[in-house]
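Engineer: Have a look at the structure that comes next, please.
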Amino acid sequence: MNIFDLSGRVAVITGGNGGLGLGMARGLIKAGANVAIWARNGAKNDAAVKELSELGGGKAIALACDVAHDDQVAAAMEATLKAFGRVDTAFANAGISGAGTRIPDMTSEGWDATMAINARGPALVYKYASSHMIERAENGDPGGKLIVTSSGQSIMGVNKSSDYAASKAAVNGLTRGAAFELARYQITANALLFGFYETDITAKANPKFAEWMAKRIPLGRAGDHEGLEGLAVFFASPHSNYITGQSLPVDGGLCIS
């Protein structure tokens with residue numbers, strides 16, 4: 001018996017066409033879940049659906065969506081429900097790296113752009129996913145999972161990254177509030193504080209940053225994308241039903257170094 005069988009379950013992953021999101025999508029598909037990717041890049045969306053469809057298991061679709069815009073998130077939710085009939089888990093994963101400026105050099109425009117994607121985006125995903133889950137609960141089908149991609153920077157300090165750190169701290173608070181408010185509907189909410197993974201975002205960073213990170217991480221390496229698969233399946237499965245309101249570092253021990 002496969003205790004992590006997600007057949008018949010439906011997951012949304014924002015920014016699921018690459019990086020951490022695509023890694024999580026692979027695991028969900030393999031476990032039998034149907035997956036809806038919400039992301040902005042049409043070519044990457046198509047490539048992700050092609051890759052996921054070749055894995056077997058659940059079905060994958062992709063929908064064009066900029067999570068900073070209420071109307072686009074609403075439309076993506078409506079299209080997902082039309083395609084799959086329900087949403088059991090929402091991974092609010094889409095994010096950007098921030099403006100990369102020192103605090104004295106911050107601009108309102110840079111700050112707002114970071115917050116729009118990294119903080120408003122997850123809030124909108126929570127809004128529409130929880131509305132659907134509450135409606136289901138009121139009709140005798142309670143439960144649901146809200147998971148946000150946060151960062152170890154939300155509890156640590158890094159140079160030229162204050163806007164990014166603040167945006168991720170915001171979603172930690174959002175998640176704790178959601179967990180408390182939605183518990184009556186058996187909806188859980190958790191934040192995953194990822195450490196250093198090799199992604200399109202980290203590839204743009206100064207190479208010295210990766211070297212510095214490797215020296216600080218107790219396990220001595222970047223996170224492995226294969227491990228994301230089981231992590232996503234666990235948090236989408238009933239086996240995580242008693243975990244809620246948590247901000248869990250997934251960082252090779254970086255936050256204790």
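Please note that chains go A, B, ... in the order of the structure tokens, that every chain numbers its residues from 1, and that ligands are numbered from 1 in the order shown.
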Could you give me, as CSV, a per-residue list for stretch 155-217 of chain A showing, wherever an atom lies at most 12 Å from an atom of stretch 21-34 of chain A, the closest pair of atoms and their distance in Å to one decimal, using only C-alpha atoms and sorting by chain then residue number from low to high?
Structural biologist:
residue,atom,partner,partner_atom,distance
A:Phe194,CA,A:Gly21,CA,11.9
A:Tyr197,CA,A:Gly23,CA,11.0
A:Glu198,CA,A:Gly23,CA,11.5
A:Thr199,CA,A:Gly21,CA,10.2
A:Asp200,CA,A:Gly21,CA,11.7
Engineer: Within 6 Å of A:Ala36, counting only C-alpha atoms, which residues show up once you throw out same-chain ones fewer than 6 positions away? Write them as a list in words, please.
Structural biologist: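 The residues that qualify are Val12, Ala60, Ile61 and Ala62 of chain A.
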Engineer: Would you mind listing what lies within 12 Å of A:Ile243 as a PyMOL selection string, with only C-alpha atoms counted and same-chain residues fewer than 3 positions away left out?
Structural biologist: chain A and resi 145-147+176+179-180+183+186-191+234-240+246-248
Engineer: Taking into account only C-alpha atoms, which residue in the set A:Asn118, A:Asp46, A:Gln72, A:Pro142 is nearest to A:Ala170?
Structural biologist: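 Selected residue with least distance to A:Ala170: A:Asn118.
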Engineer: Given only C-alpha atoms as the basis, pick out the residue of A:Gly110, A:Gly245, A:Gly230, A:Gly143 nearest to A:Gly173.
Structural biologist: A:Gly245
Engineer: If you count only C-alpha atoms, which residues fall within 8 Å of A:Ala169, apart from same-chain ones fewer than 2 positions away, as number ranges by chain?
Structural biologist: A: 150, 154-155, 165-167, 171-173
Engineer: Could the residues in this selection be written to a file with N, CA, C and O atoms, as a PDB file, in the first residue's frame?
Structural biologist:
ATOM      1  N   SER A 150       8.478  30.368   1.798  1.00  0.00           N
ATOM      2  CA  SER A 150       9.132  31.471   2.485  1.00  0.00           C
ATOM      3  C   SER A 150      10.640  31.283   2.354  1.00  0.00           C
ATOM      4  O   SER A 150      11.110  30.591   1.449  1.00  0.00           O
ATOM      5  N   SER A 154      13.855  35.305   6.158  1.00  0.00           N
ATOM      6  CA  SER A 154      12.815  35.916   6.987  1.00  0.00           C
ATOM      7  C   SER A 154      13.172  35.898   8.465  1.00  0.00           C
ATOM      8  O   SER A 154      12.578  36.638   9.262  1.00  0.00           O
ATOM      9  N   ILE A 155      14.150  35.063   8.853  1.00  0.00           N
ATOM     10  CA  ILE A 155      14.575  34.995  10.255  1.00  0.00           C
ATOM     11  C   ILE A 155      16.069  35.234  10.411  1.00  0.00           C
ATOM     12  O   ILE A 155      16.618  35.095  11.504  1.00  0.00           O
ATOM     13  N   ALA A 165      13.667  39.927   2.529  1.00  0.00           N
ATOM     14  CA  ALA A 165      13.485  39.368   3.872  1.00  0.00           C
ATOM     15  C   ALA A 165      12.168  39.823   4.479  1.00  0.00           C
ATOM     16  O   ALA A 165      11.442  39.033   5.097  1.00  0.00           O
ATOM     17  N   ALA A 166      11.835  41.099   4.302  1.00  0.00           N
ATOM     18  CA  ALA A 166      10.585  41.623   4.850  1.00  0.00           C
ATOM     19  C   ALA A 166       9.379  40.971   4.186  1.00  0.00           C
ATOM     20  O   ALA A 166       8.375  40.663   4.847  1.00  0.00           O
ATOM     21  N   SER A 167       9.459  40.729   2.870  1.00  0.00           N
ATOM     22  CA  SER A 167       8.333  40.106   2.164  1.00  0.00           C
ATOM     23  C   SER A 167       8.107  38.682   2.647  1.00  0.00           C
ATOM     24  O   SER A 167       6.952  38.236   2.765  1.00  0.00           O
ATOM     25  N   VAL A 171       4.849  36.793   4.876  1.00  0.00           N
ATOM     26  CA  VAL A 171       4.050  35.590   4.609  1.00  0.00           C
ATOM     27  C   VAL A 171       4.116  34.601   5.761  1.00  0.00           C
ATOM     28  O   VAL A 171       3.197  33.786   5.937  1.00  0.00           O
ATOM     29  N   ASN A 172       5.170  34.668   6.573  1.00  0.00           N
ATOM     30  CA  ASN A 172       5.168  33.853   7.796  1.00  0.00           C
ATOM     31  C   ASN A 172       4.012  34.286   8.695  1.00  0.00           C
ATOM     32  O   ASN A 172       3.286  33.451   9.255  1.00  0.00           O
ATOM     33  N   GLY A 173       3.853  35.592   8.856  1.00  0.00           N
ATOM     34  CA  GLY A 173       2.751  36.104   9.675  1.00  0.00           C
ATOM     35  C   GLY A 173       1.395  35.816   9.066  1.00  0.00           C
ATOM     36  O   GLY A 173       0.447  35.452   9.774  1.00  0.00           O
TER      37      GLY A 173
END
Engineer: Run DSSP on the backbone and tell me which residues of stretch 51-241 of chain A come out as strand (DSSP E or B); list them as a VMD selection string.
Structural biologist: chain A and resid 60 to 64 89 to 92 144 to 151 187 to 194 197 223
Engineer: Include N, CA, C and O atoms and write out the residues we just selected as a short mmCIF file (atom, residue, chain, number, x, y, z; two decimals), in the first residue's frame.
Structural biologist:
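Done, and the output landed in again_33.cif:
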data_model
loop_
_atom_site.label_atom_id
_atom_site.label_comp_id
_atom_site.auth_asym_id
_atom_site.auth_seq_id
_atom_site.Cartn_x
_atom_site.Cartn_y
_atom_site.Cartn_z
N ALA A 60 -1.48 17.32 -15.47
CA ALA A 60 -0.96 18.67 -15.25
C ALA A 60 -1.54 19.64 -16.27
O ALA A 60 -1.67 19.30 -17.45
N ILE A 61 -1.89 20.82 -15.80
CA ILE A 61 -2.28 21.92 -16.69
C ILE A 61 -1.51 23.15 -16.25
O ILE A 61 -0.97 23.21 -15.14
N ALA A 62 -1.44 24.15 -17.12
CA ALA A 62 -0.80 25.41 -16.75
C ALA A 62 -1.69 26.56 -17.18
O ALA A 62 -2.30 26.52 -18.26
N LEU A 63 -1.76 27.57 -16.34
CA LEU A 63 -2.60 28.74 -16.59
C LEU A 63 -1.75 30.00 -16.43
O LEU A 63 -0.98 30.12 -15.48
N ALA A 64 -1.91 30.92 -17.37
CA ALA A 64 -1.19 32.18 -17.29
C ALA A 64 -1.74 32.99 -16.11
O ALA A 64 -2.94 33.23 -16.01
N THR A 89 -4.98 21.50 -2.18
CA THR A 89 -3.75 22.08 -1.67
C THR A 89 -3.33 23.24 -2.56
O THR A 89 -3.39 23.13 -3.79
N ALA A 90 -2.92 24.32 -1.94
CA ALA A 90 -2.41 25.46 -2.70
C ALA A 90 -1.00 25.78 -2.21
O ALA A 90 -0.80 26.13 -1.05
N PHE A 91 -0.04 25.66 -3.11
CA PHE A 91 1.34 26.04 -2.84
C PHE A 91 1.56 27.44 -3.39
O PHE A 91 1.65 27.62 -4.61
N ALA A 92 1.63 28.43 -2.51
CA ALA A 92 1.90 29.81 -2.92
C ALA A 92 3.41 29.97 -3.03
O ALA A 92 4.10 30.38 -2.09
N GLY A 144 -8.15 21.13 3.81
CA GLY A 144 -7.41 21.82 2.77
C GLY A 144 -6.05 22.22 3.31
O GLY A 144 -5.85 22.32 4.52
N LYS A 145 -5.12 22.44 2.39
CA LYS A 145 -3.75 22.76 2.77
C LYS A 145 -3.32 24.04 2.07
O LYS A 145 -3.45 24.17 0.85
N LEU A 146 -2.78 24.98 2.84
CA LEU A 146 -2.16 26.19 2.30
C LEU A 146 -0.69 26.16 2.69
O LEU A 146 -0.36 26.05 3.87
N ILE A 147 0.19 26.21 1.70
CA ILE A 147 1.62 26.16 1.95
C ILE A 147 2.28 27.30 1.19
O ILE A 147 2.02 27.48 0.00
N VAL A 148 3.11 28.07 1.86
CA VAL A 148 3.79 29.18 1.19
C VAL A 148 5.29 28.95 1.18
O VAL A 148 5.86 28.41 2.14
N THR A 149 5.91 29.30 0.07
CA THR A 149 7.36 29.27 -0.03
C THR A 149 7.91 30.54 0.61
O THR A 149 7.79 31.63 0.05
N SER A 150 8.48 30.37 1.80
CA SER A 150 9.13 31.47 2.49
C SER A 150 10.64 31.28 2.35
O SER A 150 11.11 30.59 1.45
N SER A 151 11.40 31.88 3.22
CA SER A 151 12.85 31.83 3.11
C SER A 151 13.50 31.95 4.47
O SER A 151 12.96 32.62 5.37
N ILE A 187 -8.68 23.39 7.78
CA ILE A 187 -7.71 23.88 6.79
C ILE A 187 -6.43 24.23 7.53
O ILE A 187 -6.46 24.96 8.52
N THR A 188 -5.31 23.69 7.07
CA THR A 188 -4.03 23.99 7.70
C THR A 188 -3.23 24.96 6.83
O THR A 188 -3.45 25.07 5.62
N ALA A 189 -2.30 25.66 7.45
CA ALA A 189 -1.44 26.60 6.74
C ALA A 189 -0.04 26.55 7.33
O ALA A 189 0.12 26.60 8.55
N ASN A 190 0.95 26.42 6.47
CA ASN A 190 2.33 26.33 6.92
C ASN A 190 3.26 27.05 5.94
O ASN A 190 2.97 27.14 4.75
N ALA A 191 4.36 27.56 6.46
CA ALA A 191 5.38 28.22 5.66
C ALA A 191 6.64 27.37 5.65
O ALA A 191 7.08 26.89 6.70
N LEU A 192 7.21 27.18 4.48
CA LEU A 192 8.47 26.45 4.34
C LEU A 192 9.58 27.47 4.09
O LEU A 192 9.58 28.16 3.07
N LEU A 193 10.51 27.56 5.03
CA LEU A 193 11.59 28.54 4.97
C LEU A 193 12.79 27.91 4.28
O LEU A 193 13.66 27.31 4.91
N PHE A 194 12.80 28.00 2.95
CA PHE A 194 13.86 27.34 2.19
C PHE A 194 15.18 28.08 2.35
O PHE A 194 15.23 29.31 2.44
N TYR A 197 19.02 26.80 -2.56
CA TYR A 197 18.80 25.85 -3.64
C TYR A 197 19.28 26.50 -4.93
O TYR A 197 19.18 27.72 -5.10
N GLY A 223 20.45 22.62 -1.35
CA GLY A 223 19.33 21.69 -1.26
C GLY A 223 19.16 20.89 -2.55
O GLY A 223 19.46 21.39 -3.63
#
Engineer: Quote the spacing between atom CA of A:Asp251 and atom CA of A:Phe196 in Å to one decimal place.
Structural biologist: 6.6 Å
Engineer: When DSSP is applied to the backbone of this structure, which of stretch 57-232 of chain A are assigned helix (DSSP H, G or I)? Write them out as number ranges by chain.
Structural biologist: A: 70-84, 103-105, 108-138, 152-154, 162-185, 200-203, 207-216, 225-232
Engineer: Please list as number ranges by chain every residue within 9 Å of A:Arg221, counting only C-alpha atoms and excluding residues in the same chain fewer than 4 positions away.
Structural biologist: A: 196-197, 213-215, 217, 252
Engineer: Would you output that residue set with N, CA, C and O atoms, as an mmCIF file, in the first residue's frame?
Structural biologist:
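The file below, part.cif, is the result:
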data_model
loop_
_atom_site.group_PDB
_atom_site.id
_atom_site.type_symbol
_atom_site.label_atom_id
_atom_site.label_comp_id
_atom_site.auth_asym_id
_atom_site.auth_seq_id
_atom_site.Cartn_x
_atom_site.Cartn_y
_atom_site.Cartn_z
ATOM 1 N N PHE A 196 19.362 27.537 0.726
ATOM 2 C CA PHE A 196 20.010 27.737 -0.571
ATOM 3 C C PHE A 196 19.767 26.556 -1.495
ATOM 4 O O PHE A 196 20.236 25.439 -1.248
ATOM 5 N N TYR A 197 19.018 26.799 -2.557
ATOM 6 C CA TYR A 197 18.804 25.846 -3.639
ATOM 7 C C TYR A 197 19.284 26.501 -4.929
ATOM 8 O O TYR A 197 19.177 27.724 -5.095
ATOM 9 N N MET A 213 27.564 30.592 1.088
ATOM 10 C CA MET A 213 26.478 29.764 1.612
ATOM 11 C C MET A 213 26.962 28.347 1.928
ATOM 12 O O MET A 213 26.646 27.787 2.981
ATOM 13 N N ALA A 214 27.707 27.752 1.007
ATOM 14 C CA ALA A 214 28.181 26.382 1.199
ATOM 15 C C ALA A 214 29.018 26.256 2.467
ATOM 16 O O ALA A 214 28.974 25.233 3.161
ATOM 17 N N LYS A 215 29.760 27.301 2.795
ATOM 18 C CA LYS A 215 30.575 27.275 4.005
ATOM 19 C C LYS A 215 29.723 27.390 5.262
ATOM 20 O O LYS A 215 30.104 26.887 6.323
ATOM 21 N N ILE A 217 26.386 26.369 5.561
ATOM 22 C CA ILE A 217 25.384 25.309 5.714
ATOM 23 C C ILE A 217 26.019 24.106 6.403
ATOM 24 O O ILE A 217 26.980 23.526 5.882
ATOM 25 N N GLY A 252 19.161 22.643 5.381
ATOM 26 C CA GLY A 252 20.417 21.960 5.688
ATOM 27 C C GLY A 252 21.067 22.411 6.981
ATOM 28 O O GLY A 252 22.254 22.184 7.203
#
Engineer: My list of candidates is A:Gly100, A:Gly95, A:Pro218, A:Gly58. Which is closest to A:Asn159 when distances are computed with only C-alpha atoms?
Structural biologist: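 Of all the options, A:Gly100 lies closest to A:Asn159.
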Engineer: Can you work out which one of A:Ala11, A:Leu124, A:Tyr185, A:Ile201 has the shortest atom-to-atom distance to A:Asn139, counting only C-alpha atoms?
Structural biologist: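 Checking each of A:Ala11, A:Leu124, A:Tyr185, A:Ile201 against A:Asn139, counting only C-alpha atoms, the winner is A:Tyr185.
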Engineer: Between A:Thr107, A:Asn2, A:Asn41, A:Thr14, single out the one closest to A:Gly121, counting only C-alpha atoms.
Structural biologist: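 For A:Gly121, the nearest of the candidates is A:Thr14.
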Engineer: As an exercise, work out the distance from atom CA of A:Lys44 to atom CA of A:Gly15 in Å and give it to one decimal place.
Structural biologist: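 About the pair atom CA of A:Lys44 and atom CA of A:Gly15: they are 10.0 Å apart.
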Engineer: Looking at A:Ile3, A:Gly19, A:Ser161, A:Glu226, which one is nearest to A:Arg102, with distances taken over only C-alpha atoms?
Structural biologist: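 Looking at the shortest contact to A:Arg102, the residue is A:Ser161.
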Engineer: Please produce, as a tab-separated table, a per-residue contact table for stretch 47-100 of chain A versus stretch 126-131 of chain A (criterion: any atom at most 12 Å away, only C-alpha atoms considered), showing the nearest atom pair and its distance in Å to one decimal, sorted by chain then residue number.
Structural biologist:
residue	atom	partner	partner_atom	distance
A:Val67	CA	A:Tyr126	CA	11.0
A:Asp70	CA	A:Tyr128	CA	9.3
A:Asp71	CA	A:Tyr128	CA	10.6
A:Gln72	CA	A:Tyr128	CA	11.0
A:Val73	CA	A:Tyr128	CA	7.6
A:Ala74	CA	A:Tyr128	CA	6.6
A:Ala75	CA	A:Tyr128	CA	9.9
A:Ala76	CA	A:Tyr128	CA	9.6
A:Met77	CA	A:Tyr128	CA	6.9
A:Glu78	CA	A:Tyr128	CA	9.2
A:Thr80	CA	A:Ala129	CA	10.6
A:Leu81	CA	A:Ala129	CA	10.3
A:Arg86	CA	A:Ala129	CA	9.6
A:Val87	CA	A:Ala129	CA	7.2
A:Asp88	CA	A:Ala129	CA	8.5
A:Thr89	CA	A:Ala129	CA	8.1
A:Ala90	CA	A:Ala129	CA	6.7
A:Phe91	CA	A:Tyr126	CA	9.2
A:Ala92	CA	A:Tyr126	CA	7.8
A:Asn93	CA	A:Tyr126	CA	11.5
Engineer: Mind giving me the straight-line distance from atom CA of A:Ile117 to atom CA of A:Ala94 in Å, one decimal?
Structural biologist: 7.2 Å
